[in-house]
file model.cif (mmCIF, C-alpha atoms and all ligand atoms)
data_entry
loop_
_atom_site.label_atom_id
_atom_site.label_comp_id
_atom_site.auth_asym_id
_atom_site.auth_seq_id
_atom_site.Cartn_x
_atom_site.Cartn_y
_atom_site.Cartn_z
CA SER A 1 39.79 -2.90 -13.39
CA GLY A 2 41.97 -0.08 -12.09
CA THR A 3 41.00 3.50 -11.34
CA LEU A 4 41.63 6.69 -13.28
CA PHE A 5 42.63 9.42 -10.81
CA VAL A 6 42.19 12.97 -12.13
CA VAL A 7 44.82 14.84 -10.15
CA ALA A 8 45.13 18.61 -9.74
CA THR A 9 48.67 20.03 -9.60
CA PRO A 10 49.89 23.52 -8.58
CA ILE A 11 49.21 26.61 -10.72
CA GLY A 12 52.55 28.08 -9.69
CA ASN A 13 53.57 27.53 -6.09
CA LEU A 14 54.71 23.92 -5.68
CA GLU A 15 53.66 23.92 -2.02
CA ASP A 16 50.07 23.79 -3.27
CA ILE A 17 50.31 20.12 -4.20
CA THR A 18 48.12 18.08 -1.87
CA LEU A 19 49.31 15.17 0.29
CA ARG A 20 46.82 12.94 -1.45
CA ALA A 21 48.05 14.00 -4.90
CA LEU A 22 51.61 13.07 -3.90
CA ARG A 23 50.53 9.67 -2.60
CA VAL A 24 48.39 8.87 -5.66
CA LEU A 25 51.09 10.00 -8.10
CA LYS A 26 53.54 7.66 -6.30
CA GLU A 27 51.18 4.70 -6.15
CA VAL A 28 49.72 4.56 -9.67
CA SER A 29 51.51 2.52 -12.34
CA LEU A 30 51.39 5.30 -14.92
CA ILE A 31 50.88 9.06 -15.13
CA ALA A 32 49.28 10.49 -18.28
CA ALA A 33 50.49 14.08 -18.62
CA GLU A 34 49.82 16.90 -21.05
CA ASP A 35 53.55 17.58 -21.44
CA THR A 36 55.81 14.87 -20.05
CA ARG A 37 58.94 17.05 -19.93
CA HIS A 38 57.12 19.74 -17.96
CA SER A 39 55.59 17.23 -15.56
CA ARG A 40 58.84 15.29 -15.08
CA LYS A 41 60.28 18.41 -13.42
CA LEU A 42 57.37 18.54 -10.98
CA LEU A 43 57.64 14.83 -10.19
CA THR A 44 61.41 14.98 -9.76
CA HIS A 45 60.98 17.84 -7.32
CA PHE A 46 58.84 15.55 -5.16
CA GLY A 47 61.01 12.47 -5.68
CA ILE A 48 58.37 10.63 -7.70
CA SER A 49 59.62 8.28 -10.42
CA THR A 50 56.33 6.86 -11.76
CA PRO A 51 56.49 6.40 -15.57
CA LEU A 52 54.93 9.14 -17.70
CA VAL A 53 53.13 9.06 -21.04
CA SER A 54 51.83 12.02 -22.98
CA CYS A 55 48.12 12.71 -23.25
CA HIS A 56 47.41 16.03 -24.92
CA GLU A 57 44.80 17.54 -27.21
CA HIS A 58 46.38 16.03 -30.34
CA ASN A 59 46.64 12.42 -29.17
CA GLU A 60 43.97 12.16 -26.46
CA ARG A 61 41.62 9.98 -28.49
CA GLN A 62 44.15 7.45 -29.66
CA ARG A 63 46.00 7.47 -26.32
CA SER A 64 42.72 6.83 -24.50
CA ASP A 65 42.41 3.39 -26.13
CA GLN A 66 45.80 2.36 -24.77
CA LEU A 67 45.09 3.77 -21.34
CA ILE A 68 41.67 2.08 -21.18
CA GLU A 69 43.34 -1.21 -22.03
CA ARG A 70 45.75 -0.85 -19.12
CA LEU A 71 42.99 0.23 -16.75
CA ARG A 72 40.99 -2.85 -17.76
CA ASN A 73 44.01 -4.95 -16.89
CA GLY A 74 43.88 -3.66 -13.34
CA GLU A 75 46.45 -0.89 -13.47
CA SER A 76 45.58 2.49 -11.96
CA ILE A 77 46.50 5.64 -13.84
CA ALA A 78 46.75 9.32 -12.85
CA LEU A 79 45.86 12.07 -15.29
CA ILE A 80 47.53 15.46 -14.82
CA SER A 81 47.81 18.62 -16.90
CA ASP A 82 50.59 21.23 -17.01
CA ALA A 83 48.99 23.19 -14.18
CA GLY A 84 45.82 23.16 -12.14
CA THR A 85 42.91 20.83 -12.70
CA PRO A 86 42.77 18.58 -15.79
CA GLY A 87 39.70 19.10 -17.95
CA ILE A 88 39.38 22.80 -17.04
CA SER A 89 40.51 24.47 -20.29
CA ASP A 90 42.87 21.50 -20.48
CA PRO A 91 42.78 18.00 -21.98
CA GLY A 92 41.14 15.20 -20.02
CA ARG A 93 37.46 15.25 -20.84
CA PHE A 94 37.70 12.66 -23.59
CA LEU A 95 39.59 10.10 -21.50
CA VAL A 96 37.25 10.65 -18.54
CA ALA A 97 34.18 10.18 -20.75
CA ARG A 98 35.65 6.98 -22.22
CA CYS A 99 36.25 5.60 -18.72
CA HIS A 100 32.60 6.27 -17.81
CA GLU A 101 31.47 4.49 -20.98
CA GLU A 102 33.65 1.51 -20.10
CA GLU A 103 32.48 1.56 -16.47
CA ILE A 104 35.99 2.19 -15.21
CA SER A 105 36.08 4.07 -11.92
CA VAL A 106 37.11 7.72 -12.14
CA ARG A 107 38.09 9.55 -8.98
CA THR A 108 39.02 13.16 -8.41
CA VAL A 109 42.04 14.30 -6.45
CA PRO A 110 41.02 17.95 -6.24
CA GLY A 111 43.31 20.91 -5.77
CA PRO A 112 44.20 24.23 -7.38
CA SER A 113 42.48 25.74 -10.37
CA ALA A 114 43.10 29.28 -11.56
CA VAL A 115 39.36 29.97 -11.91
CA THR A 116 38.50 29.27 -8.26
CA ALA A 117 41.78 30.78 -7.01
CA ALA A 118 41.03 34.08 -8.78
CA LEU A 119 37.38 34.18 -7.72
CA SER A 120 38.26 33.52 -4.08
CA VAL A 121 40.33 36.71 -3.83
CA ALA A 122 38.39 38.94 -6.24
CA GLY A 123 35.80 40.21 -3.80
CA GLN A 124 33.21 40.00 -6.57
CA GLN A 125 29.96 38.07 -6.39
CA SER A 126 31.01 34.42 -6.50
CA GLU A 127 27.93 32.47 -5.41
CA ARG A 128 27.11 32.32 -9.10
CA PHE A 129 29.64 32.80 -11.86
CA ALA A 130 30.03 31.98 -15.51
CA PHE A 131 33.37 30.49 -16.50
CA GLU A 132 34.04 31.28 -20.16
CA GLY A 133 37.56 29.85 -20.48
CA PHE A 134 39.59 31.49 -23.27
CA LEU A 135 37.91 34.10 -25.46
CA PRO A 136 38.03 33.43 -29.22
CA PRO A 137 41.34 34.75 -30.64
CA ARG A 138 39.67 36.55 -33.56
CA LYS A 139 38.44 40.06 -32.88
CA LYS A 140 35.05 39.65 -34.51
CA ALA A 141 34.18 36.44 -32.68
CA ARG A 142 35.52 37.86 -29.41
CA ASP A 143 33.44 41.03 -29.73
CA GLN A 144 30.34 39.04 -30.63
CA LEU A 145 30.73 36.84 -27.56
CA LEU A 146 31.33 39.82 -25.27
CA SER A 147 28.22 41.54 -26.66
CA ASP A 148 26.19 38.38 -26.06
CA LEU A 149 27.42 38.35 -22.45
CA SER A 150 26.92 42.04 -21.79
CA HIS A 151 23.80 41.62 -19.62
CA GLU A 152 25.00 38.53 -17.80
CA GLN A 153 23.97 38.58 -14.15
CA ARG A 154 26.79 36.36 -12.96
CA THR A 155 30.45 37.30 -12.56
CA LEU A 156 32.26 36.40 -15.80
CA VAL A 157 35.58 34.60 -15.58
CA PHE A 158 37.98 34.35 -18.52
CA TYR A 159 41.43 32.88 -19.02
CA GLU A 160 43.49 35.33 -21.04
CA ALA A 161 46.89 35.39 -22.74
CA PRO A 162 49.15 38.30 -21.68
CA HIS A 163 49.61 39.65 -25.22
CA ARG A 164 45.85 39.88 -25.68
CA LEU A 165 44.91 41.40 -22.33
CA ALA A 166 45.04 45.08 -23.31
CA ALA A 167 42.92 44.56 -26.44
CA THR A 168 40.40 42.45 -24.51
CA LEU A 169 40.05 45.10 -21.78
CA GLU A 170 39.54 47.74 -24.46
CA ALA A 171 36.78 45.57 -25.97
CA VAL A 172 35.16 45.04 -22.54
CA ALA A 173 35.16 48.82 -21.96
CA ARG A 174 33.72 49.46 -25.43
CA LEU A 175 31.03 46.76 -25.39
CA LEU A 176 30.13 46.40 -21.70
CA GLY A 177 30.79 49.99 -20.65
CA GLU A 178 33.76 51.97 -19.33
CA GLN A 179 32.34 51.75 -15.82
CA ARG A 180 31.96 47.98 -15.67
CA GLU A 181 34.03 46.63 -12.77
CA VAL A 182 36.81 44.22 -13.67
CA ALA A 183 39.63 42.44 -11.89
CA VAL A 184 42.84 41.09 -13.38
CA ALA A 185 44.57 38.31 -11.46
CA ARG A 186 48.10 37.75 -12.70
CA GLU A 187 50.62 35.06 -11.74
CA LEU A 188 48.52 33.73 -8.84
CA THR A 189 50.57 31.92 -6.17
CA LYS A 190 53.83 32.95 -7.89
CA ILE A 191 56.52 35.51 -6.99
CA HIS A 192 55.04 38.26 -9.16
CA GLU A 193 51.43 37.70 -8.10
CA GLU A 194 49.40 40.82 -8.79
CA PHE A 195 45.77 41.78 -8.52
CA PHE A 196 44.28 44.79 -10.30
CA ARG A 197 40.77 45.98 -9.56
CA GLY A 198 39.03 48.89 -11.22
CA SER A 199 36.67 49.90 -13.97
CA ALA A 200 37.07 48.46 -17.46
CA GLY A 201 38.19 51.91 -18.66
CA GLU A 202 40.86 52.19 -15.96
CA ALA A 203 42.06 48.65 -16.54
CA ALA A 204 42.31 49.19 -20.32
CA ALA A 205 44.40 52.33 -19.75
CA HIS A 206 46.57 50.66 -17.09
CA PHE A 207 47.43 47.56 -19.10
CA GLN A 208 47.92 49.51 -22.33
CA LYS A 209 50.96 51.16 -20.82
CA GLU A 210 52.98 48.20 -19.70
CA ARG A 211 54.06 45.04 -21.45
CA VAL A 212 52.08 42.36 -19.68
CA ARG A 213 53.63 39.01 -18.91
CA GLY A 214 52.59 35.86 -17.15
CA GLU A 215 49.35 34.01 -16.68
CA ILE A 216 46.10 35.86 -16.29
CA VAL A 217 42.53 35.42 -15.13
CA LEU A 218 40.15 38.23 -16.05
CA LEU A 219 36.98 38.74 -14.01
CA VAL A 220 34.14 40.96 -15.17
CA ALA A 221 31.48 41.92 -12.65
CA ALA A 222 27.81 41.29 -13.35
CA ASP A 223 25.79 43.94 -15.16
CA LYS A 224 24.70 46.07 -12.19
CA GLN A 225 22.27 48.19 -14.13
CA GLU A 226 20.17 45.17 -14.99
CA ARG A 227 20.20 43.97 -11.39
CA GLU A 228 19.12 47.34 -10.07
CA GLU A 229 16.51 47.90 -12.74
CA ALA A 230 14.86 44.54 -12.26
CA PRO A 231 13.00 45.40 -9.01
CA ASP A 232 11.78 48.64 -10.60
CA VAL A 233 10.06 46.74 -13.40
CA LYS A 234 8.39 44.56 -10.77
CA THR A 235 7.25 47.62 -8.80
CA ALA A 236 5.90 49.26 -11.95
CA LEU A 237 3.95 46.12 -12.86
CA GLN A 238 2.52 45.90 -9.34
CA ARG A 239 1.45 49.51 -9.51
CA LEU A 240 -0.25 48.99 -12.88
CA ALA A 241 -1.99 45.90 -11.49
CA GLN A 242 -3.19 47.82 -8.44
CA GLU A 243 -4.50 50.58 -10.66
CA GLY A 244 -6.46 48.01 -12.59
CA ASN A 245 -4.55 48.66 -15.78
CA LEU A 246 -3.18 45.15 -16.14
N1 LIG B 1 43.60 23.59 -15.95
C1 LIG B 1 44.09 24.88 -15.49
C2 LIG B 1 43.32 25.29 -14.23
O1 LIG B 1 42.68 24.45 -13.62
O2 LIG B 1 43.41 26.46 -13.85
C3 LIG B 1 44.01 25.92 -16.58
C4 LIG B 1 44.75 25.58 -17.83
S1 LIG B 1 44.72 26.80 -19.07
C5 LIG B 1 45.49 26.02 -20.42
C6 LIG B 1 45.95 27.94 -18.57
C7 LIG B 1 45.38 29.32 -18.22
O3 LIG B 1 44.96 29.31 -16.86
C8 LIG B 1 46.39 30.44 -18.30
O4 LIG B 1 46.49 30.92 -19.63
C9 LIG B 1 45.78 31.46 -17.38
O5 LIG B 1 44.72 32.14 -18.02
C10 LIG B 1 45.20 30.57 -16.28
N2 LIG B 1 46.20 30.39 -15.21
C11 LIG B 1 46.91 29.27 -14.93
N3 LIG B 1 47.74 29.48 -13.89
C12 LIG B 1 47.55 30.76 -13.49
C13 LIG B 1 48.12 31.57 -12.48
N4 LIG B 1 49.06 31.12 -11.68
N5 LIG B 1 47.67 32.85 -12.36
C14 LIG B 1 46.73 33.34 -13.20
N6 LIG B 1 46.17 32.61 -14.18
C15 LIG B 1 46.57 31.33 -14.33
#

call {"tool": "encode", "arguments": {"input": "model.cif", "output": "structure tokens", "more": "lines below"}}
Ligand code: SAM
result
Amino acid sequence: SGTLFVVATPIGNLEDITLRALRVLKEVSLIAAEDTRHSRKLLTHFGISTPLVSCHEHNERQRSDQLIERLRNGESIALISDAGTPGISDPGRFLVARCHEEEISVRTVPGPSAVTAALSVAGQQSERFAFEGFLPPRKKARDQLLSDLSHEQRTLVFYEAPHRLAATLEAVARLLGEQREVAVARELTKIHEEFFRGSAGEAAAHFQKERVRGEIVLLVAADKQEREEAPDVKTALQRLAQEGNL
């Protein structure tokens, strides 16, 4: 059978497409795309005329059957999303899982993803991080999740919509503390790329003032207090043990 190639595409700057992505997108017999009109523009830019079919959250299951059939018949297919890496807050997981079930080979053609792009320039701890994708749209669920994450020891990474940013920053300041460090990465790799770093309080005030546009990754630094307090607990326990009180 053929191979399913999961291909990353740019998150803004078209120069970020990889040479391998271009070759694979040319060579496969079909490209399954989240939005065919959007992706046609990208492909036209690179002179690629491979046929496109849609594969998005509403038809992924039923489309997967057709795509599996073609893969079984020896055709190779590329899966792309509107931007970045398929499967990362984007459709793709279901088709990939089906291919594994059917023992069809799945190969990655890696490239940009907003989560790694933002982390790489944030200057925050990035050896360990927790990617949370999009926060729930409803206030109550969002606040609950933020409270649950308030003592997280890894950098938190969220995808956020521009019209929700100010309210989310206000909630971060309220629930995780005004002093918690945050970073807002906006329009990465694009003309209006912007990076804001500061406390949650400062960020909430800053983004309250202006009408925010574009695509955004929000990073929230780990809970420092916990990290700094942890060795103290250990020292206290050691002292108690030495004193024979444990
Ligand atoms: N699969 C994509 C990836 O690998 O990054 C993410 C898809 S998700 C539907 C789209 C979200 O990613 C946007 O709402 C935004 O939060 C983030 N994003 C995508 N491109 C971005 C960019 N150029 N700058 C900042 N954030 C971006």

call {"tool": "residues_near_ligand", "arguments": {"input": "model.cif", "ligand": "ligand LIG 1 (chain B)", "cutoff": "10 Å", "atoms": "only C-alpha atoms and all ligand atoms", "output": "mmCIF file with C-alpha atoms, in the coordinates of the input"}}
result
data_model
loop_
_atom_site.group_PDB
_atom_site.id
_atom_site.type_symbol
_atom_site.label_atom_id
_atom_site.label_comp_id
_atom_site.auth_asym_id
_atom_site.auth_seq_id
_atom_site.Cartn_x
_atom_site.Cartn_y
_atom_site.Cartn_z
ATOM 1 C CA ALA A 8 45.130 18.610 -9.740
ATOM 2 C CA THR A 9 48.670 20.030 -9.600
ATOM 3 C CA PRO A 10 49.890 23.520 -8.580
ATOM 4 C CA ILE A 11 49.210 26.610 -10.720
ATOM 5 C CA GLY A 12 52.550 28.080 -9.690
ATOM 6 C CA ASN A 13 53.570 27.530 -6.090
ATOM 7 C CA ILE A 80 47.530 15.460 -14.820
ATOM 8 C CA SER A 81 47.810 18.620 -16.900
ATOM 9 C CA ASP A 82 50.590 21.230 -17.010
ATOM 10 C CA ALA A 83 48.990 23.190 -14.180
ATOM 11 C CA GLY A 84 45.820 23.160 -12.140
ATOM 12 C CA THR A 85 42.910 20.830 -12.700
ATOM 13 C CA PRO A 86 42.770 18.580 -15.790
ATOM 14 C CA GLY A 87 39.700 19.100 -17.950
ATOM 15 C CA ILE A 88 39.380 22.800 -17.040
ATOM 16 C CA SER A 89 40.510 24.470 -20.290
ATOM 17 C CA ASP A 90 42.870 21.500 -20.480
ATOM 18 C CA PRO A 91 42.780 18.000 -21.980
ATOM 19 C CA GLY A 92 41.140 15.200 -20.020
ATOM 20 C CA PRO A 110 41.020 17.950 -6.240
ATOM 21 C CA GLY A 111 43.310 20.910 -5.770
ATOM 22 C CA PRO A 112 44.200 24.230 -7.380
ATOM 23 C CA SER A 113 42.480 25.740 -10.370
ATOM 24 C CA ALA A 114 43.100 29.280 -11.560
ATOM 25 C CA VAL A 115 39.360 29.970 -11.910
ATOM 26 C CA THR A 116 38.500 29.270 -8.260
ATOM 27 C CA ALA A 117 41.780 30.780 -7.010
ATOM 28 C CA ALA A 118 41.030 34.080 -8.780
ATOM 29 C CA GLY A 133 37.560 29.850 -20.480
ATOM 30 C CA PHE A 134 39.590 31.490 -23.270
ATOM 31 C CA VAL A 157 35.580 34.600 -15.580
ATOM 32 C CA PHE A 158 37.980 34.350 -18.520
ATOM 33 C CA TYR A 159 41.430 32.880 -19.020
ATOM 34 C CA GLU A 160 43.490 35.330 -21.040
ATOM 35 C CA ALA A 161 46.890 35.390 -22.740
ATOM 36 C CA PRO A 162 49.150 38.300 -21.680
ATOM 37 C CA VAL A 184 42.840 41.090 -13.380
ATOM 38 C CA ALA A 185 44.570 38.310 -11.460
ATOM 39 C CA ARG A 186 48.100 37.750 -12.700
ATOM 40 C CA GLU A 187 50.620 35.060 -11.740
ATOM 41 C CA LEU A 188 48.520 33.730 -8.840
ATOM 42 C CA THR A 189 50.570 31.920 -6.170
ATOM 43 C CA LYS A 190 53.830 32.950 -7.890
ATOM 44 C CA ILE A 191 56.520 35.510 -6.990
ATOM 45 C CA HIS A 192 55.040 38.260 -9.160
ATOM 46 C CA GLU A 193 51.430 37.700 -8.100
ATOM 47 C CA GLU A 194 49.400 40.820 -8.790
ATOM 48 C CA PHE A 195 45.770 41.780 -8.520
ATOM 49 C CA GLY A 214 52.590 35.860 -17.150
ATOM 50 C CA GLU A 215 49.350 34.010 -16.680
ATOM 51 C CA ILE A 216 46.100 35.860 -16.290
ATOM 52 C CA VAL A 217 42.530 35.420 -15.130
ATOM 53 C CA LEU A 218 40.150 38.230 -16.050
#

call {"tool": "atom_distance", "arguments": {"input": "model.cif", "atom1": "CA of Arg107 in chain A", "atom2": "CA of Ala122 in chain A"}}
result
29.5 Å

call {"tool": "atom_distance", "arguments": {"input": "model.cif", "atom1": "CA of Lys41 in chain A", "atom2": "CA of Val28 in chain A"}}
result
17.8 Å

call {"tool": "atom_distance", "arguments": {"input": "model.cif", "atom1": "CA of Val182 in chain A", "atom2": "CA of Leu14 in chain A"}}
result
28.2 Å

call {"tool": "residues_near_point", "arguments": {"input": "model.cif", "point": "(30.1, 44.7, -23.8)", "cutoff": "6 Å", "atoms": "all atoms listed in the file", "output": "list in words"}}
result
Leu146, Ser147, Ser150, Val172, Leu175 and Leu176 of chain A

call {"tool": "closest_residue", "arguments": {"input": "model.cif", "among": "A:Val109, A:Ala78, A:Val233, A:Leu95", "to": "Arg63 in chain A", "atoms": "only C-alpha atoms"}}
result
A:Leu95

call {"tool": "closest_residue", "arguments": {"input": "model.cif", "among": "A:Leu42, A:Gly177, A:Ser199, A:Val220", "to": "Phe131 in chain A", "atoms": "all atoms listed in the file"}}
result
A:Val220

call {"tool": "closest_residue", "arguments": {"input": "model.cif", "among": "A:Val53, A:Ala166, A:Ala183, A:Val6", "to": "Phe196 in chain A", "atoms": "only C-alpha atoms"}}
result
A:Ala183

call {"tool": "residues_around", "arguments": {"input": "model.cif", "residues": "Arg174 in chain A", "least_positions_apart": "4", "cutoff": "12 Å", "atoms": "only C-alpha atoms", "output": "ChimeraX atom specification"}}
result
/A:143,146-147,150,167-170,178-180,199-201,204
